[in-house]
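Everything below belongs to data-v5.txt, which stores compact mmCIF, C-alpha atoms.
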```txt
# COMPACT_ATOMS: atom_id res chain seq x y z
CA SER A 1 -16.82 28.00 -14.70
CA ILE A 2 -16.08 24.94 -16.80
CA LYS A 3 -12.78 26.55 -17.78
CA GLU A 4 -11.42 25.87 -14.28
CA ILE A 5 -12.36 22.18 -14.56
CA GLU A 6 -10.84 21.98 -18.04
CA ALA A 7 -7.66 23.52 -16.65
CA LEU A 8 -7.53 20.70 -14.09
CA LEU A 9 -8.63 17.73 -16.20
CA GLY A 10 -7.78 18.76 -19.73
CA PRO A 11 -10.12 19.48 -22.66
CA THR A 12 -11.36 15.90 -23.10
CA VAL A 13 -12.32 12.85 -21.04
CA LEU A 14 -13.39 9.29 -21.79
CA THR A 15 -16.93 8.03 -21.28
CA LYS A 16 -16.09 4.36 -21.78
CA ALA A 17 -13.13 2.14 -22.59
CA GLY A 18 -12.12 2.15 -26.24
CA ALA A 19 -14.42 5.02 -27.17
CA PRO A 20 -13.23 8.35 -28.60
CA ALA A 21 -12.64 11.11 -26.08
CA VAL A 22 -15.37 13.75 -25.65
CA SER A 23 -15.19 17.32 -24.45
CA THR A 24 -14.90 17.82 -20.71
CA ALA A 25 -17.45 20.62 -20.86
CA SER A 26 -20.14 18.39 -22.38
CA THR A 27 -19.84 15.72 -19.68
CA ILE A 28 -19.17 17.75 -16.53
CA GLY A 29 -20.89 21.03 -17.31
CA SER A 30 -24.08 20.17 -15.40
CA ALA A 31 -22.44 18.57 -12.34
CA ASP A 32 -22.21 20.16 -8.88
CA ILE A 33 -19.40 18.03 -7.44
CA VAL A 34 -16.62 16.18 -9.25
CA LEU A 35 -14.99 13.24 -7.49
CA LEU A 36 -11.47 12.50 -8.68
CA TYR A 37 -10.96 8.78 -8.16
CA PHE A 38 -7.28 7.85 -7.96
CA SER A 39 -7.20 4.10 -8.40
CA ALA A 40 -5.64 1.17 -10.29
CA SER A 41 -6.52 -2.39 -11.24
CA TRP A 42 -3.46 -3.83 -9.46
CA CYS A 43 -4.46 -2.29 -6.11
CA PRO A 44 -6.51 -4.69 -3.89
CA PRO A 45 -8.05 -1.93 -1.72
CA CYS A 46 -9.08 -0.17 -4.93
CA ARG A 47 -10.80 -3.28 -6.25
CA SER A 48 -12.68 -3.52 -2.95
CA PHE A 49 -13.70 0.14 -2.92
CA THR A 50 -14.76 0.48 -6.57
CA PRO A 51 -17.99 -1.55 -6.12
CA LEU A 52 -18.94 0.63 -3.12
CA LEU A 53 -18.34 3.80 -5.11
CA LYS A 54 -20.25 2.36 -8.06
CA GLU A 55 -23.26 1.59 -5.86
CA PHE A 56 -23.12 5.08 -4.36
CA TYR A 57 -22.87 6.71 -7.78
CA GLU A 58 -25.67 4.72 -9.39
CA LYS A 59 -27.99 4.90 -6.40
CA ASN A 60 -27.72 8.57 -5.49
CA GLY A 61 -24.62 10.26 -6.85
CA LYS A 62 -25.40 10.59 -10.53
CA LYS A 63 -28.91 11.94 -10.04
CA SER A 64 -27.68 14.40 -7.39
CA GLY A 65 -25.15 16.23 -9.51
CA ILE A 66 -22.14 14.07 -8.67
CA GLN A 67 -19.71 13.15 -11.43
CA VAL A 68 -16.75 10.81 -10.96
CA VAL A 69 -13.54 10.97 -12.99
CA PHE A 70 -11.19 7.99 -12.85
CA VAL A 71 -7.51 8.95 -12.53
CA SER A 72 -5.73 5.70 -13.34
CA SER A 73 -2.37 4.52 -12.05
CA ASP A 74 -2.35 1.53 -14.40
CA SER A 75 0.84 1.36 -16.44
CA ASP A 76 -0.56 -0.26 -19.59
CA LEU A 77 -3.60 0.31 -21.78
CA PRO A 78 -5.15 -3.21 -21.52
CA SER A 79 -5.13 -3.11 -17.72
CA PHE A 80 -6.64 0.37 -17.72
CA GLU A 81 -9.39 -0.53 -20.18
CA GLU A 82 -10.29 -3.78 -18.42
CA TYR A 83 -10.68 -1.94 -15.12
CA PHE A 84 -12.45 1.08 -16.61
CA LYS A 85 -15.05 -1.22 -18.23
CA LYS A 86 -16.35 -1.90 -14.70
CA MET A 87 -16.95 1.80 -14.03
CA PRO A 88 -20.09 3.77 -14.98
CA TRP A 89 -18.38 7.18 -14.89
CA LEU A 90 -15.72 9.17 -16.74
CA SER A 91 -11.96 8.80 -16.96
CA LEU A 92 -9.03 10.93 -17.93
CA SER A 93 -7.68 10.10 -21.35
CA VAL A 94 -4.70 7.80 -21.73
CA ASP A 95 -2.52 9.78 -24.11
CA ALA A 96 0.79 11.44 -23.25
CA GLU A 97 -0.91 14.70 -22.31
CA ALA A 98 -3.17 12.85 -19.87
CA VAL A 99 -0.15 11.28 -18.16
CA ALA A 100 1.18 14.77 -17.43
CA ILE A 101 -2.25 15.81 -16.12
CA LYS A 102 -2.39 12.79 -13.80
CA GLN A 103 1.03 13.61 -12.40
CA LYS A 104 0.00 17.22 -11.89
CA LEU A 105 -3.20 16.20 -10.07
CA ALA A 106 -1.39 13.70 -7.85
CA GLN A 107 1.10 16.38 -6.85
CA MET A 108 -1.54 19.08 -6.50
CA PHE A 109 -3.70 17.01 -4.14
CA GLN A 110 -0.71 15.41 -2.41
CA ILE A 111 -1.80 11.86 -3.20
CA ARG A 112 0.31 9.44 -1.16
CA GLY A 113 -1.66 6.25 -1.70
CA ILE A 114 -4.61 4.78 -3.52
CA PRO A 115 -7.54 4.55 -3.54
CA SER A 116 -8.07 8.26 -2.96
CA LEU A 117 -11.25 10.20 -3.63
CA ILE A 118 -11.01 13.99 -3.90
CA ALA A 119 -14.14 16.15 -4.09
CA ILE A 120 -13.97 19.44 -5.97
CA ASP A 121 -16.60 22.01 -6.85
CA ALA A 122 -17.62 21.42 -10.45
CA LYS A 123 -18.51 25.06 -11.01
CA SER A 124 -15.35 26.66 -9.69
CA GLY A 125 -12.74 23.89 -9.68
CA LYS A 126 -12.10 24.63 -5.99
CA TYR A 127 -11.28 22.04 -3.34
CA VAL A 128 -14.02 20.54 -1.15
CA THR A 129 -12.49 17.52 0.66
CA ASP A 130 -9.88 14.81 0.24
CA ASP A 131 -11.72 12.50 2.61
CA ALA A 132 -14.59 11.57 0.30
CA ARG A 133 -13.54 7.91 0.31
CA THR A 134 -14.12 7.71 4.07
CA ASP A 135 -17.53 9.34 3.58
CA VAL A 136 -18.59 6.84 0.92
CA MET A 137 -17.35 3.88 2.97
CA GLY A 138 -19.17 5.19 6.04
CA ALA A 139 -22.43 5.53 4.13
CA GLY A 140 -22.19 2.03 2.66
CA GLY A 141 -25.42 1.09 0.95
CA ASP A 142 -27.59 3.24 3.26
CA ASP A 143 -29.73 5.49 1.07
CA ALA A 144 -30.23 8.19 3.69
CA LYS A 145 -26.53 8.34 4.60
CA GLN A 146 -25.55 8.56 0.95
CA LYS A 147 -27.86 11.54 0.46
CA GLU A 148 -26.54 13.08 3.67
CA ILE A 149 -22.90 13.06 2.57
CA ILE A 150 -23.83 14.49 -0.83
CA GLN A 151 -25.51 17.41 0.93
CA LYS A 152 -22.50 17.73 3.23
CA TRP A 153 -20.14 18.05 0.25
CA LYS A 154 -22.39 20.63 -1.37
CA SER A 155 -22.60 22.66 1.85
CA ILE A 156 -18.83 22.81 2.42
CA GLU A 157 -17.34 26.13 1.39
CA ALA A 158 -14.91 25.25 -1.37
CA VAL A 159 -11.47 26.87 -1.25
CA PRO A 160 -8.78 27.45 -3.87
CA ILE A 161 -6.63 24.33 -4.15
CA GLU A 162 -3.47 26.25 -3.28
CA GLU A 163 -5.09 27.27 0.03
CA ALA A 164 -6.37 23.79 0.91
CA THR A 165 -5.17 21.79 3.91
CA PHE A 166 -5.05 18.14 2.97
CA SER A 167 -5.80 15.63 5.71
CA SER A 168 -3.37 13.10 4.23
CA ALA A 169 -0.56 15.63 4.39
CA ALA A 170 -1.52 17.47 7.55
CA GLY A 171 -1.91 14.45 9.77
CA PRO A 172 1.03 13.03 11.72
CA THR A 173 2.49 9.69 10.74
CA GLY A 174 4.43 6.95 12.52
CA ILE A 175 5.30 7.75 16.14
CA GLY A 176 3.73 11.18 15.73
CA ALA A 177 0.38 9.58 14.90
CA ILE A 178 0.61 7.37 18.00
CA VAL A 179 1.41 10.36 20.21
CA ALA A 180 -1.46 12.36 18.70
CA PHE A 181 -3.84 9.45 19.31
CA LEU A 182 -2.76 9.13 22.96
CA LEU A 183 -3.13 12.86 23.54
CA LYS A 184 -6.66 12.73 22.17
CA ASN A 185 -7.46 9.60 24.19
CA PRO A 186 -5.68 9.99 27.57
CA VAL A 187 -7.49 7.00 29.05
CA TYR A 188 -5.12 4.78 27.06
CA ILE A 189 -2.14 6.47 28.70
CA PHE A 190 -3.35 5.35 32.12
CA GLY A 191 -3.85 1.85 30.79
CA ILE A 192 -0.32 1.75 29.40
CA LEU A 193 1.12 3.08 32.67
CA TYR A 194 -0.79 0.41 34.60
CA PHE A 195 0.65 -2.40 32.50
CA VAL A 196 4.15 -0.89 32.68
CA ARG A 197 3.92 -0.80 36.49
CA ARG A 198 2.69 -4.39 36.56
CA ALA A 199 5.54 -5.45 34.30
CA LEU A 200 8.14 -3.68 36.45
CA ALA A 201 6.73 -5.23 39.59
CA TYR A 202 6.88 -8.65 37.97
CA LEU A 203 10.50 -8.12 36.96
CA GLN A 204 11.36 -7.01 40.47
CA GLU A 205 9.78 -10.16 41.89
CA MET A 206 11.73 -12.26 39.40
CA GLY A 207 14.92 -10.52 40.50
CA LYS A 208 14.22 -11.28 44.14
CA ASP A 209 13.56 -14.93 43.32
CA ASP A 210 16.88 -15.13 41.48
CA GLU A 211 18.70 -13.60 44.45
CA ASP A 212 17.08 -16.07 46.86
CA GLN A 213 17.96 -19.00 44.63
CA GLY A 214 21.51 -17.76 44.24
CA GLY A 215 21.96 -17.45 48.02
CA ALA A 216 20.72 -20.98 48.61
CA GLU A 217 23.20 -22.41 46.12
CA LEU A 218 26.06 -20.72 47.83
```

Mind turning the file's structure into structure tokens?
Amino acid sequence: SIKEIEALLGPTVLTKAGAPAVSTASTIGSADIVLLYFSASWCPPCRSFTPLLKEFYEKNGKKSGIQVVFVSSDSDLPSFEEYFKKMPWLSLSVDAEAVAIKQKLAQMFQIRGIPSLIAIDAKSGKYVTDDARTDVMGAGGDDAKQKEIIQKWKSIEAVPIEEATFSSAAGPTGIGAIVAFLLKNPVYIFGILYFVRRALAYLQEMGKDDEDQGGAEL
């Protein structure tokens, strides 16, 4: 019910910069999927992704029961409002209570970087996917692909947030990510071994040349 969404986002949201806040229920009540858009004006990847998300939302998202809520990481009101003016969707409020809500959401969904796009079920407040950004980028401006990912989100069985496995948290990082990649793609292991053997052979040849030169000098 809308109570679950209100518990996540608070009782009110903004529809445009500088306007009074309106009830969350009145703006999200009819949606099927809510996309939480963690972003900020100072973030270059965010500024690149926002136009893609805007095209997706205006072309297919809005009419297909998708609602987007901007969760800003801007530290001052002018920066937030200037950036939000470019967005055709909703935003969390900017008062002290909203700051606490943003922190709670970032912790809840284990946000480690922006932009991030989290899909949740608008009816239950349950988790759908934290990889919605990749989906939107993959669809690009393709009408059929945009519709396809919307249907994919709607077909995913939503789970309680506390039971969700987040891809950003579950995936290995650093050396672990490299090892995982090599295990999934063993052909690269053989390539690496080949070059290592070639390098060792080259070093051995260099060593022999040094020995020969040293003997001649003596």

Here's a test: counting only C-alpha atoms, identify every protein, DNA and RNA residue with an atom at most 10 Å from (-24.4, 14.3, 0.8) in the file's coordinate frame, and state them as an NGL selection string. :A and (60-61 or 64 or 66 or 135-136 or 139 or 144-155)

Interatomic distance between CA of Leu90 in chain A and CA of Phe70 in chain A?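 CA of Leu90 in chain A sits 6.1 Å away from CA of Phe70 in chain A.
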
How many Å lie between CA of Leu117 in chain A and CA of Thr50 in chain A, rounded to one decimal? 10.7 Å

Pick from A:Ser73, A:Gln204, A:Thr165, A:Ser39, whichever lies nearest to Ile114 in chain A using only C-alpha atoms: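 Of A:Ser73, A:Gln204, A:Thr165, A:Ser39, the one nearest Ile114 in chain A is A:Ser39, counting only C-alpha atoms.
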
Please report the interatomic distance between CA of Glu82 in chain A and CA of Met137 in chain A in Å with one decimal.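 Value for the CA of Glu82 in chain A-CA of Met137 in chain A distance: 23.8 Å.
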
Need the shell around Ala122 in chain A: protein/DNA/RNA residues with any atom at most 8 Å away, counting only C-alpha atoms. Skip same-chain ones fewer than 2 positions apart. Format as a PyMOL selection string? chain A and resi 1-2+5+28-29+31-34+120+124-126

Using all atoms listed in the file, collect all residues at a distance of at most 7 Å from (-14.7, 21.3, -1.9) as written in the file, then present them as a list of chain:residue names.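 Residues satisfying the cut-off, written out: A:Ala119, A:Ile120, A:Asp121, A:Lys126, A:Tyr127, A:Val128, A:Thr129, A:Trp153, A:Ile156, A:Glu157, A:Ala158, A:Val159.
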
Give me the residues near Val13 in chain A as an mmCIF file with C-alpha atoms, in the frame of the given file, where near means some atom within 7 Å (using all atoms listed in the file) and where sequence neighbours in that chain fewer than 5 positions away do not count.
```cif
data_model
loop_
_atom_site.group_PDB
_atom_site.id
_atom_site.type_symbol
_atom_site.label_atom_id
_atom_site.label_comp_id
_atom_site.auth_asym_id
_atom_site.auth_seq_id
_atom_site.Cartn_x
_atom_site.Cartn_y
_atom_site.Cartn_z
ATOM 1 C CA ALA A 21 -12.640 11.110 -26.080
ATOM 2 C CA VAL A 22 -15.370 13.750 -25.650
ATOM 3 C CA SER A 23 -15.190 17.320 -24.450
ATOM 4 C CA THR A 24 -14.900 17.820 -20.710
ATOM 5 C CA LEU A 90 -15.720 9.170 -16.740
ATOM 6 C CA SER A 91 -11.960 8.800 -16.960
ATOM 7 C CA LEU A 92 -9.030 10.930 -17.930
ATOM 8 C CA SER A 93 -7.680 10.100 -21.350
#
```

Show which residues sit within 9 Å of Phe49 in chain A, as number ranges by chain. Count all atoms listed in the file, and ignore same-chain residues fewer than 5 positions away. A: 44, 54, 115, 133, 137
